[in-house]
Amino acid sequence: MACPDEAHSIEYRETAEGLEASQLAGFFVDWLRQPTPEAHLDILHGSGHVVVALDEQSDQVVGFVTAISDGVLSAYISLLEVLPEYQGRGIGSELMRRLLEQTEGLYMVDVLCDAHVQSYYARFGMQRSVGMCIRRYDRIPSGETGG
């Protein structure tokens, strides 16, 4: 994808309806196994909360955030990604702001993240906590491998 002109308008949508896998190229940078665009589209459709950022000129998704939720008490932010060439423009912050607005009525909104990005999430009022996880990399529907 070519480097975007700063003047490109970004449209934010709170649904994955109408998106196609072909609009989801370039995500999951540095992942050991990268989900296919088709699996990525399934992730967006299967999430309880989703916000996507589209470059209006190219009609490509340039960022997204997802959360799963019981709709009553809790939500878990599962993914936040912005294409590298679009980073530093406030897109991730706007995605988070919109997701937190969607989940404002819930008791807890959690994210499990690596230590080097905890300060990013702290900007949204999130606090550090302790968590546990399992990673089964062989279960990612992948057509590519990352670096």
# chains A, B, ... in the order shown; residues from 1 in each chain; ligands from 1
$ residues_around --residues "Pro37 (chain A)" --least-positions-apart "2" --cutoff "7 Å" --atoms "only C-alpha atoms" --output "list in words"
Ala21, Ser22, Leu24, Ala25, Pro35, Ala39, His40 and Leu41 of chain A
$ select_by_dssp --residues "region 52-82 of chain A" --states "strand (DSSP E or B)" --output "PyMOL selection string"
chain A and resi 52-55+60-69+74-82
$ residues_around --residues "Asp114 (chain A)" --least-positions-apart "2" --cutoff "12 Å" --atoms "only C-alpha atoms" --output "ChimeraX atom specification"
/A:111-112,116-121,128-133
$ write_last_selection --atoms "N, CA and C atoms" --output "mmCIF file, in the first residue's frame"
data_model
loop_
_atom_site.group_PDB
_atom_site.id
_atom_site.type_symbol
_atom_site.label_atom_id
_atom_site.label_comp_id
_atom_site.auth_asym_id
_atom_site.auth_seq_id
_atom_site.Cartn_x
_atom_site.Cartn_y
_atom_site.Cartn_z
ATOM 1 N N VAL A 111 -8.052 -5.240 28.745
ATOM 2 C CA VAL A 111 -7.204 -5.581 27.617
ATOM 3 C C VAL A 111 -5.975 -6.289 28.177
ATOM 4 N N LEU A 112 -5.575 -7.356 27.548
ATOM 5 C CA LEU A 112 -4.346 -8.058 27.893
ATOM 6 C C LEU A 112 -3.333 -7.658 26.837
ATOM 7 N N HIS A 116 5.245 -3.181 26.695
ATOM 8 C CA HIS A 116 5.680 -1.988 25.957
ATOM 9 C C HIS A 116 4.526 -1.128 25.435
ATOM 10 N N VAL A 117 3.300 -1.618 25.466
ATOM 11 C CA VAL A 117 2.159 -0.795 25.041
ATOM 12 C C VAL A 117 1.227 -0.419 26.201
ATOM 13 N N GLN A 118 1.574 -0.787 27.412
ATOM 14 C CA GLN A 118 0.717 -0.456 28.550
ATOM 15 C C GLN A 118 0.558 1.046 28.734
ATOM 16 N N SER A 119 1.605 1.828 28.486
ATOM 17 C CA SER A 119 1.487 3.276 28.648
ATOM 18 C C SER A 119 0.502 3.864 27.631
ATOM 19 N N TYR A 120 0.388 3.245 26.474
ATOM 20 C CA TYR A 120 -0.596 3.698 25.483
ATOM 21 C C TYR A 120 -2.010 3.559 26.049
ATOM 22 N N TYR A 121 -2.330 2.395 26.591
ATOM 23 C CA TYR A 121 -3.673 2.157 27.129
ATOM 24 C C TYR A 121 -3.925 2.974 28.395
ATOM 25 N N ARG A 128 -2.932 -0.891 35.065
ATOM 26 C CA ARG A 128 -2.221 -2.158 34.930
ATOM 27 C C ARG A 128 -2.882 -3.198 35.822
ATOM 28 N N SER A 129 -2.855 -4.435 35.346
ATOM 29 C CA SER A 129 -3.368 -5.547 36.137
ATOM 30 C C SER A 129 -2.548 -6.782 35.795
ATOM 31 N N VAL A 130 -2.849 -7.856 36.444
ATOM 32 C CA VAL A 130 -2.141 -9.115 36.219
ATOM 33 C C VAL A 130 -3.062 -10.026 35.428
ATOM 34 N N GLY A 131 -2.525 -10.736 34.489
ATOM 35 C CA GLY A 131 -3.344 -11.641 33.693
ATOM 36 C C GLY A 131 -2.557 -12.879 33.309
ATOM 37 N N MET A 132 -3.275 -13.808 32.769
ATOM 38 C CA MET A 132 -2.692 -15.057 32.291
ATOM 39 C C MET A 132 -3.253 -15.319 30.905
ATOM 40 N N CYS A 133 -2.511 -16.075 30.090
ATOM 41 C CA CYS A 133 -3.009 -16.363 28.751
ATOM 42 C C CYS A 133 -2.393 -17.649 28.210
#
$ closest_atom_pairs --of "region 4-76 of chain A" --to "region 91-105 of chain A" --cutoff "9 Å" --atoms "only C-alpha atoms" --output "CSV"
residue,atom,partner,partner_atom,distance
A:Ile10,CA,A:Ile91,CA,8.3
A:Tyr12,CA,A:Leu95,CA,7.8
A:Glu14,CA,A:Arg98,CA,8.2
A:His49,CA,A:Leu99,CA,7.1
A:Val50,CA,A:Leu99,CA,7.1
A:Val51,CA,A:Leu95,CA,6.1
A:Val52,CA,A:Leu95,CA,7.1
A:Ala53,CA,A:Ile91,CA,7.3
A:Val62,CA,A:Ile91,CA,8.6
A:Gly63,CA,A:Gly92,CA,7.0
A:Phe64,CA,A:Leu95,CA,6.7
A:Val65,CA,A:Leu95,CA,6.2
A:Thr66,CA,A:Leu99,CA,7.9
A:Ala67,CA,A:Leu99,CA,8.1
A:Ser69,CA,A:Thr103,CA,8.9
A:Gly71,CA,A:Thr103,CA,8.5
A:Val72,CA,A:Gly105,CA,8.3
A:Leu73,CA,A:Gly105,CA,8.3
A:Ser74,CA,A:Thr103,CA,8.4
A:Ala75,CA,A:Thr103,CA,7.3
$ write_last_selection --atoms "all heavy atoms" --output "short mmCIF file (atom, residue, chain, number, x, y, z; two decimals), in the first residue's frame"
data_model
loop_
_atom_site.label_atom_id
_atom_site.label_comp_id
_atom_site.auth_asym_id
_atom_site.auth_seq_id
_atom_site.Cartn_x
_atom_site.Cartn_y
_atom_site.Cartn_z
N ILE A 10 -10.39 9.99 6.80
CA ILE A 10 -10.63 8.70 7.44
C ILE A 10 -12.09 8.65 7.88
O ILE A 10 -12.57 9.58 8.54
CB ILE A 10 -9.70 8.48 8.65
CG1 ILE A 10 -8.22 8.58 8.24
CG2 ILE A 10 -10.00 7.15 9.33
CD1 ILE A 10 -7.76 7.55 7.23
N TYR A 12 -14.88 6.51 10.05
CA TYR A 12 -14.98 5.52 11.12
C TYR A 12 -16.35 4.87 11.05
O TYR A 12 -17.36 5.56 10.93
CB TYR A 12 -14.76 6.18 12.49
CG TYR A 12 -13.35 6.70 12.64
CD1 TYR A 12 -13.01 7.99 12.26
CD2 TYR A 12 -12.33 5.87 13.10
CE1 TYR A 12 -11.71 8.46 12.36
CE2 TYR A 12 -11.02 6.33 13.21
CZ TYR A 12 -10.73 7.62 12.84
OH TYR A 12 -9.43 8.08 12.94
N GLU A 14 -18.82 1.77 12.94
CA GLU A 14 -18.98 0.92 14.12
C GLU A 14 -19.65 -0.40 13.76
O GLU A 14 -20.41 -0.97 14.54
CB GLU A 14 -19.74 1.69 15.19
CG GLU A 14 -18.92 2.90 15.65
CD GLU A 14 -19.53 3.66 16.80
OE1 GLU A 14 -20.60 3.28 17.30
OE2 GLU A 14 -18.89 4.65 17.21
N HIS A 49 -18.15 -5.86 19.74
CA HIS A 49 -17.94 -4.43 19.49
C HIS A 49 -16.83 -4.32 18.45
O HIS A 49 -15.81 -5.00 18.55
CB HIS A 49 -17.53 -3.69 20.76
CG HIS A 49 -18.56 -3.76 21.83
ND1 HIS A 49 -19.63 -2.90 21.90
CD2 HIS A 49 -18.70 -4.61 22.88
CE1 HIS A 49 -20.37 -3.19 22.95
NE2 HIS A 49 -19.82 -4.24 23.56
N VAL A 50 -17.02 -3.44 17.49
CA VAL A 50 -16.01 -3.22 16.46
C VAL A 50 -16.07 -1.78 15.99
O VAL A 50 -17.16 -1.19 15.92
CB VAL A 50 -16.18 -4.20 15.27
CG1 VAL A 50 -17.50 -4.00 14.56
CG2 VAL A 50 -15.03 -4.09 14.29
N VAL A 51 -14.91 -1.22 15.75
CA VAL A 51 -14.81 0.08 15.09
C VAL A 51 -13.71 -0.07 14.05
O VAL A 51 -12.64 -0.60 14.35
CB VAL A 51 -14.45 1.23 16.06
CG1 VAL A 51 -14.45 2.57 15.33
CG2 VAL A 51 -15.39 1.27 17.26
N VAL A 52 -14.00 0.34 12.83
CA VAL A 52 -13.00 0.29 11.76
C VAL A 52 -12.77 1.69 11.23
O VAL A 52 -13.66 2.54 11.24
CB VAL A 52 -13.40 -0.66 10.61
CG1 VAL A 52 -13.49 -2.09 11.08
CG2 VAL A 52 -14.70 -0.24 9.97
N ALA A 53 -11.54 1.91 10.76
CA ALA A 53 -11.16 3.17 10.12
C ALA A 53 -10.86 2.87 8.67
O ALA A 53 -10.06 1.98 8.38
CB ALA A 53 -9.93 3.77 10.81
N VAL A 62 -7.77 0.85 7.36
CA VAL A 62 -6.43 1.24 7.79
C VAL A 62 -6.23 1.05 9.29
O VAL A 62 -5.12 1.19 9.80
CB VAL A 62 -6.09 2.68 7.37
CG1 VAL A 62 -6.15 2.81 5.84
CG2 VAL A 62 -7.01 3.70 8.03
N GLY A 63 -7.31 0.72 10.00
CA GLY A 63 -7.23 0.46 11.42
C GLY A 63 -8.52 -0.16 11.92
O GLY A 63 -9.57 -0.02 11.28
N PHE A 64 -8.43 -0.86 13.04
CA PHE A 64 -9.62 -1.46 13.63
C PHE A 64 -9.37 -1.77 15.10
O PHE A 64 -8.23 -1.91 15.53
CB PHE A 64 -10.04 -2.73 12.89
CG PHE A 64 -9.08 -3.87 13.09
CD1 PHE A 64 -9.30 -4.83 14.07
CD2 PHE A 64 -7.94 -3.99 12.31
CE1 PHE A 64 -8.41 -5.87 14.28
CE2 PHE A 64 -7.04 -5.03 12.50
CZ PHE A 64 -7.27 -5.97 13.49
N VAL A 65 -10.45 -1.86 15.85
CA VAL A 65 -10.41 -2.32 17.23
C VAL A 65 -11.61 -3.24 17.43
O VAL A 65 -12.68 -2.99 16.87
CB VAL A 65 -10.39 -1.15 18.25
CG1 VAL A 65 -11.64 -0.31 18.17
CG2 VAL A 65 -10.14 -1.65 19.67
N THR A 66 -11.41 -4.31 18.19
CA THR A 66 -12.49 -5.25 18.47
C THR A 66 -12.56 -5.54 19.96
O THR A 66 -11.55 -5.47 20.67
CB THR A 66 -12.30 -6.59 17.73
OG1 THR A 66 -11.06 -7.16 18.13
CG2 THR A 66 -12.32 -6.40 16.23
N ALA A 67 -13.76 -5.90 20.42
CA ALA A 67 -13.93 -6.35 21.79
C ALA A 67 -15.02 -7.42 21.81
O ALA A 67 -15.97 -7.37 21.03
CB ALA A 67 -14.33 -5.19 22.71
N SER A 69 -17.81 -9.27 24.41
CA SER A 69 -18.53 -8.79 25.58
C SER A 69 -19.71 -9.69 25.90
O SER A 69 -20.29 -10.31 25.01
CB SER A 69 -19.04 -7.37 25.31
OG SER A 69 -19.82 -6.89 26.37
N GLY A 71 -22.23 -8.13 27.15
CA GLY A 71 -23.27 -7.14 26.94
C GLY A 71 -23.92 -6.63 28.21
O GLY A 71 -24.81 -5.79 28.16
N VAL A 72 -23.48 -7.12 29.36
CA VAL A 72 -24.08 -6.74 30.63
C VAL A 72 -23.06 -6.15 31.58
O VAL A 72 -23.24 -5.07 32.13
CB VAL A 72 -24.75 -7.97 31.31
CG1 VAL A 72 -25.33 -7.60 32.66
CG2 VAL A 72 -25.83 -8.55 30.41
N LEU A 73 -21.95 -6.86 31.77
CA LEU A 73 -20.98 -6.50 32.79
C LEU A 73 -19.59 -6.22 32.26
O LEU A 73 -18.91 -5.32 32.75
CB LEU A 73 -20.90 -7.65 33.81
CG LEU A 73 -20.15 -7.40 35.09
CD1 LEU A 73 -20.85 -6.35 35.94
CD2 LEU A 73 -20.03 -8.71 35.88
N SER A 74 -19.17 -6.96 31.25
CA SER A 74 -17.75 -6.89 30.88
C SER A 74 -17.51 -6.95 29.38
O SER A 74 -18.33 -7.48 28.62
CB SER A 74 -16.99 -8.03 31.55
OG SER A 74 -17.51 -9.27 31.15
N ALA A 75 -16.37 -6.39 29.01
CA ALA A 75 -15.88 -6.48 27.63
C ALA A 75 -14.38 -6.66 27.68
O ALA A 75 -13.71 -6.17 28.60
CB ALA A 75 -16.24 -5.23 26.84
#
$ residues_around --residues "His45 (chain A)" --least-positions-apart "2" --cutoff "8 Å" --atoms "only C-alpha atoms" --output "number ranges by chain"
A: 16-17, 41-43, 47
